[in-house]
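Q: Sharing final.txt, compact mmCIF, C-alpha atoms:
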# COMPACT_ATOMS: atom_id res chain seq x y z
CA MET A 1 65.96 -18.36 41.99
CA ALA A 2 67.68 -21.08 40.00
CA LEU A 3 69.96 -21.71 37.09
CA THR A 4 68.97 -23.92 34.21
CA ILE A 5 71.98 -26.02 33.26
CA THR A 6 72.58 -27.50 29.85
CA GLY A 7 75.48 -29.93 29.51
CA VAL A 8 77.66 -29.39 26.51
CA ARG A 9 80.75 -31.51 26.99
CA SER A 10 82.73 -33.22 29.70
CA GLY A 11 85.84 -35.32 29.96
CA ILE A 12 89.20 -35.92 31.56
CA MET A 13 92.09 -33.49 31.54
CA GLY A 14 95.19 -34.99 33.07
CA ASP A 15 94.23 -36.03 36.58
CA LEU A 16 91.27 -33.63 36.63
CA ARG A 17 87.79 -33.63 35.14
CA TYR A 18 86.36 -30.82 33.08
CA ARG A 19 82.88 -29.80 32.02
CA VAL A 20 81.67 -27.17 29.60
CA VAL A 21 78.07 -26.20 30.27
CA ASP A 22 75.65 -23.43 29.48
CA VAL A 23 73.58 -21.91 32.26
CA ALA A 24 70.52 -19.68 31.98
CA PHE A 25 69.63 -17.25 34.74
CA ASP A 26 65.96 -16.86 35.56
CA THR A 27 63.63 -13.93 36.16
CA THR A 28 64.48 -13.34 39.82
CA TYR A 29 68.18 -12.87 40.66
CA ALA A 30 68.90 -14.42 44.05
CA SER A 31 70.56 -12.45 46.83
CA GLY A 32 74.29 -13.23 46.81
CA GLY A 33 74.14 -15.07 43.53
CA GLU A 34 72.54 -18.15 42.07
CA PRO A 35 73.39 -21.42 43.85
CA LEU A 36 75.72 -23.65 41.85
CA THR A 37 77.27 -26.40 43.92
CA PRO A 38 79.92 -28.88 42.81
CA ALA A 39 77.33 -31.64 43.18
CA THR A 40 75.00 -29.87 40.78
CA LEU A 41 77.75 -30.14 38.18
CA SER A 42 78.66 -33.71 39.15
CA PHE A 43 81.92 -32.68 40.82
CA ASP A 44 83.22 -33.36 44.31
CA GLN A 45 85.28 -30.15 44.22
CA ILE A 46 85.48 -27.25 41.79
CA TYR A 47 89.06 -26.03 41.36
CA PHE A 48 88.37 -23.40 38.75
CA LEU A 49 85.26 -22.04 37.06
CA ARG A 50 85.42 -19.54 34.25
CA ALA A 51 82.21 -17.88 33.10
CA HIS A 52 81.82 -16.23 29.72
CA ALA A 53 79.08 -13.65 30.22
CA PRO A 54 77.29 -12.01 27.31
CA ALA A 55 75.63 -8.62 27.02
CA GLY A 56 78.20 -6.57 28.93
CA TYR A 57 77.82 -8.45 32.18
CA LYS A 58 80.56 -9.99 34.27
CA VAL A 59 79.86 -13.31 35.93
CA SER A 60 82.15 -14.87 38.50
CA TYR A 61 82.01 -17.89 40.77
CA ASP A 62 82.01 -17.50 44.55
CA TYR A 63 84.00 -20.54 45.67
CA THR A 64 83.20 -19.99 49.34
CA ASN A 65 79.44 -19.84 49.00
CA ALA A 66 79.08 -21.92 45.82
CA THR A 67 77.11 -19.29 43.95
CA LEU A 68 77.38 -17.72 40.54
CA ARG A 69 77.35 -13.94 40.85
CA ALA A 70 76.51 -11.43 38.11
CA TYR A 71 77.85 -7.88 37.95
CA ARG A 72 77.22 -4.74 35.92
CA ILE A 73 77.64 -0.99 36.33
CA GLY A 74 75.68 0.16 39.38
CA VAL A 75 74.31 3.63 40.02
CA GLU A 76 72.87 4.06 43.49
CA THR A 77 70.13 6.31 44.81
CA THR A 78 70.85 9.00 47.38
CA ALA A 79 69.37 12.10 48.90
CA ALA A 80 72.46 14.15 48.02
CA GLY A 81 72.11 16.94 45.51
CA ALA A 82 74.26 17.60 42.48
CA THR A 83 76.86 20.31 42.91
CA ALA A 84 79.65 21.84 40.88
CA ASN A 85 82.12 19.45 42.52
CA ASN A 86 80.37 16.11 42.52
CA SER A 87 78.64 15.89 39.17
CA LEU A 88 79.91 13.36 36.68
CA ILE A 89 80.63 14.76 33.27
CA LYS A 90 82.04 13.80 29.93
CA SER A 91 85.50 15.32 29.81
CA GLY A 92 87.04 17.04 26.83
CA THR A 93 88.85 13.79 26.03
CA SER A 94 85.72 11.61 26.40
CA THR A 95 86.60 10.13 29.76
CA LEU A 96 84.39 9.98 32.83
CA GLU A 97 85.28 12.97 35.00
CA VAL A 98 84.12 14.40 38.29
CA ALA A 99 83.50 18.10 37.84
CA GLY A 100 85.17 21.05 39.49
CA THR A 101 87.38 20.27 42.44
CA GLY A 102 85.97 16.80 42.92
CA THR A 103 88.60 14.13 43.41
CA ALA A 104 89.13 11.13 41.19
CA PHE A 105 87.67 7.82 42.27
CA GLN A 106 87.32 4.24 41.13
CA VAL A 107 84.55 1.77 41.77
CA ALA A 108 84.07 -1.88 40.96
CA LEU A 109 81.08 -3.24 39.11
CA SER A 110 78.06 -3.89 41.32
CA GLU A 111 76.30 -7.18 41.87
CA VAL A 112 72.93 -7.37 40.18
CA THR A 113 70.17 -6.28 42.55
CA THR A 114 68.19 -9.06 44.19
CA GLY A 115 64.98 -9.80 42.35
CA THR A 116 66.11 -8.40 39.01
CA ASP A 117 65.03 -10.23 35.88
CA VAL A 118 68.23 -11.19 34.06
CA SER A 119 66.68 -14.03 32.12
CA THR A 120 67.14 -12.22 28.80
CA PRO A 121 70.69 -10.82 29.01
CA LEU A 122 71.97 -13.91 30.83
CA ALA A 123 70.01 -16.52 28.92
CA ARG A 124 73.20 -18.29 27.92
CA VAL A 125 76.33 -18.05 30.04
CA SER A 126 79.04 -20.51 29.08
CA LEU A 127 81.01 -22.10 31.90
CA PHE A 128 84.30 -23.99 31.82
CA ILE A 129 84.79 -25.96 35.01
CA ILE A 130 87.78 -27.94 36.24
CA GLY A 131 87.67 -30.11 39.31
CA ILE A 132 87.55 -33.59 40.67
CA MET B 1 103.60 -5.16 46.28
CA ALA B 2 103.32 -8.92 45.91
CA LEU B 3 100.80 -11.65 45.37
CA ALA B 4 100.47 -14.48 47.87
CA ILE B 5 100.21 -17.64 45.79
CA THR B 6 98.69 -20.89 47.00
CA VAL B 7 98.94 -23.69 44.47
CA ARG B 8 95.92 -25.98 44.77
CA ASN B 9 96.67 -28.43 42.01
CA ARG B 10 99.13 -29.03 39.21
CA GLY B 11 99.49 -31.68 36.55
CA ILE B 12 99.99 -32.64 32.93
CA VAL B 13 97.57 -32.23 30.01
CA GLY B 14 98.91 -33.70 26.79
CA ASP B 15 102.22 -31.95 26.17
CA LEU B 16 101.36 -29.05 28.48
CA ARG B 17 101.38 -28.51 32.22
CA TYR B 18 98.64 -26.81 34.21
CA VAL B 19 98.44 -25.07 37.56
CA VAL B 20 95.33 -24.14 39.55
CA ALA B 21 96.13 -21.60 42.25
CA ALA B 22 94.58 -19.00 44.53
CA VAL B 23 96.28 -15.62 44.62
CA ALA B 24 95.74 -12.85 47.15
CA PHE B 25 96.48 -9.23 46.38
CA ASP B 26 98.04 -7.19 49.17
CA ALA B 27 97.51 -3.73 50.62
CA PHE B 28 99.55 -1.86 48.00
CA TYR B 29 98.59 -2.43 44.37
CA ALA B 30 101.75 -2.20 42.31
CA SER B 31 101.96 0.30 39.50
CA GLY B 32 101.26 -1.57 36.26
CA GLY B 33 100.08 -4.75 37.97
CA GLU B 34 101.29 -7.36 40.40
CA PRO B 35 104.27 -9.46 39.23
CA LEU B 36 103.34 -13.07 38.47
CA THR B 37 105.98 -14.97 36.55
CA ALA B 38 106.03 -18.49 35.17
CA ALA B 39 108.69 -19.33 37.72
CA ASN B 40 106.35 -18.21 40.53
CA LEU B 41 104.02 -20.98 39.41
CA GLY B 42 106.69 -23.62 38.84
CA LEU B 43 106.54 -23.24 35.04
CA ASP B 44 109.05 -22.24 32.39
CA PHE B 45 106.50 -20.52 30.17
CA ILE B 46 102.86 -19.42 30.48
CA ASP B 47 100.71 -20.08 27.41
CA LEU B 48 97.38 -19.07 28.95
CA LEU B 49 96.36 -17.58 32.29
CA GLN B 50 92.71 -17.18 33.20
CA ALA B 51 91.79 -15.27 36.34
CA ASP B 52 88.34 -15.35 37.90
CA ALA B 53 87.96 -12.03 39.69
CA PRO B 54 85.47 -11.58 42.52
CA ALA B 55 83.72 -8.45 43.73
CA GLY B 56 83.02 -6.83 40.39
CA TYR B 57 86.62 -6.47 39.26
CA VAL B 58 88.09 -7.49 35.95
CA LEU B 59 91.52 -9.12 35.91
CA SER B 60 93.76 -9.78 32.98
CA TYR B 61 97.24 -11.17 32.62
CA ASP B 62 99.87 -9.09 30.85
CA TYR B 63 101.96 -11.75 29.12
CA THR B 64 104.63 -9.25 28.08
CA GLY B 65 105.16 -7.72 31.48
CA ALA B 66 104.35 -10.90 33.42
CA VAL B 67 101.96 -9.05 35.72
CA LEU B 68 98.35 -9.54 36.78
CA ARG B 69 96.38 -6.34 36.27
CA ALA B 70 93.13 -5.35 38.00
CA TYR B 71 90.52 -3.05 36.48
CA ARG B 72 87.39 -1.25 37.63
CA ILE B 73 85.33 1.82 36.70
CA ASP B 74 87.56 4.86 36.65
CA VAL B 75 86.50 8.48 37.12
CA VAL B 76 89.29 11.00 36.67
CA ALA B 77 89.65 14.40 38.29
CA GLY B 78 89.56 17.56 36.24
CA ALA B 79 88.62 21.17 36.39
CA GLY B 80 85.69 20.63 34.06
CA VAL B 81 82.45 22.41 34.79
CA SER B 82 79.17 20.57 34.85
CA GLY B 83 76.86 21.90 32.18
CA ALA B 84 73.66 21.16 30.34
CA ASP B 85 75.48 19.26 27.65
CA ASN B 86 78.14 17.24 29.44
CA THR B 87 76.52 15.98 32.64
CA LEU B 88 75.66 12.32 33.06
CA ILE B 89 72.08 11.58 33.94
CA LYS B 90 69.72 8.65 34.23
CA SER B 91 67.72 8.39 31.04
CA ALA B 92 64.04 7.55 30.86
CA THR B 93 64.98 3.95 30.06
CA SER B 94 67.40 3.63 32.98
CA THR B 95 70.61 3.92 31.02
CA LEU B 96 73.52 6.28 31.64
CA GLU B 97 73.05 9.29 29.41
CA VAL B 98 74.93 12.50 28.68
CA ALA B 99 72.51 15.38 28.98
CA GLY B 100 71.39 17.92 26.41
CA THR B 101 73.31 17.98 23.16
CA GLY B 102 76.26 16.04 24.54
CA THR B 103 77.41 13.24 22.29
CA ALA B 104 77.57 9.60 23.33
CA PHE B 105 80.89 8.16 24.39
CA GLN B 106 82.35 4.94 25.70
CA VAL B 107 85.27 4.35 27.96
CA ALA B 108 87.14 1.24 29.03
CA LEU B 109 87.63 0.25 32.65
CA GLY B 110 90.65 1.83 34.33
CA GLU B 111 93.49 -0.02 36.01
CA VAL B 112 93.43 0.15 39.79
CA THR B 113 95.45 3.11 41.00
CA ALA B 114 98.90 2.26 42.32
CA THR B 115 99.13 1.74 46.11
CA ASN B 116 95.39 1.07 46.49
CA ASP B 117 94.56 -1.56 49.10
CA MET B 118 93.21 -4.62 47.29
CA SER B 119 93.73 -7.02 50.15
CA THR B 120 90.01 -7.29 50.89
CA ASP B 121 88.35 -7.13 47.49
CA LEU B 122 90.90 -9.37 45.81
CA ALA B 123 91.80 -11.62 48.72
CA ALA B 124 90.87 -14.81 46.88
CA VAL B 125 91.39 -14.83 43.13
CA ARG B 126 91.35 -18.23 41.49
CA ILE B 127 93.64 -18.68 38.47
CA PHE B 128 94.05 -21.47 35.94
CA VAL B 129 97.33 -21.53 34.06
CA VAL B 130 98.41 -23.64 31.12
CA GLY B 131 102.07 -23.66 30.21
CA ARG B 132 105.25 -25.59 29.86
Show how you would write the structure in this file as structure tokens.

A:
Amino acid sequence: MALTITGVRSGIMGDLRYRVVDVAFDTTYASGGEPLTPATLSFDQIYFLRAHAPAGYKVSYDYTNATLRAYRIGVETTAAGATANNSLIKSGTSTLEVAGTGTAFQVALSEVTTGTDVSTPLARVSLFIIGI
Amino acid sequence: MALAITVRNRGIVGDLRYVVAAVAFDAFYASGGEPLTAANLGLDFIDLLQADAPAGYVLSYDYTGAVLRAYRIDVVAGAGVSGADNTLIKSATSTLEVAGTGTAFQVALGEVTATNDMSTDLAAVRIFVVGR
């Protein structure tokens, strides 16, 4: 529902301002990401925000909606049954493979499900922000 | 086959120059990544390029090839047969698990397949570049 922000360092970089902060996610991941506005970070505009996520997560900033979004591998539920041509297997060369005549596919990481407790894996996410 | 680049800000930091830009991937991902040269950004040399990828993708800059590469989970095709010891299942602790006596494995993300349409997922990628 909210990020806890800890200021680490801030200053001037050319004609821009920068801040390095740590943020901690809480126990209930918000739908669409945790709000993080420029004003929250004492900026008028954020030009670039780079998040260093621990624990195998990927965290990225949504500039349009001013939220910090967290991603990880997602496996969905379905009523479909496993068959010889849709099961995922470990291939002979230790890659992910779809069995039988199933076709190759790619999928992006999935956003953390709303309501998930990510307070432990994302207890300290370092951000580098540039803006004005 | 090309990135659309919108420079948002550029300036000087010490003896380096920086560029903040938004890049948009198009409908045909180029084999080996989308070309992005120093000259495209008004620089002679790129020392560091950080890309903040949305939508669960991972982006990295190939300094040797001067291309921006996109990665996501990759499942290859094969004639492998699903069996008791190679199938991926959900474990009791909600991790991905290879069934039976199958041994654990890890695999890196795969680069987006050439010609894939990235114009929606990667329509707004913010980059921060430091160079000369």

Q: Kindly determine which residues of chain A lie within 6 Å of chain B, considering all atoms listed in the file, and give the answer as JSON, numbers by chain.

A: {"A": [13, 14, 71, 88, 89, 90, 96, 97, 98, 99, 100, 103, 104, 105, 106, 107, 108, 109, 110]}

Q: Might you pull out every residue within 9 Å of segment 62-64 of chain A, with all atoms listed in the file counted and same-chain residues fewer than 6 positions away left off, and present them as number ranges by chain?

A: A: 33, 46-49; B: 54, 126

Q: Which of these, B:Leu3, B:Thr37, B:Gly131, B:Glu97, has the shortest distance to Val23 of chain B once you count all atoms listed in the file?

A: B:Leu3

Q: Near segment 127-130 of chain A, within 6 Å and counting all atoms listed in the file, which residues show up once chain neighbours fewer than 3 positions away are dropped, as a ChimeraX atom specification?

A: /A:17-21,47-51
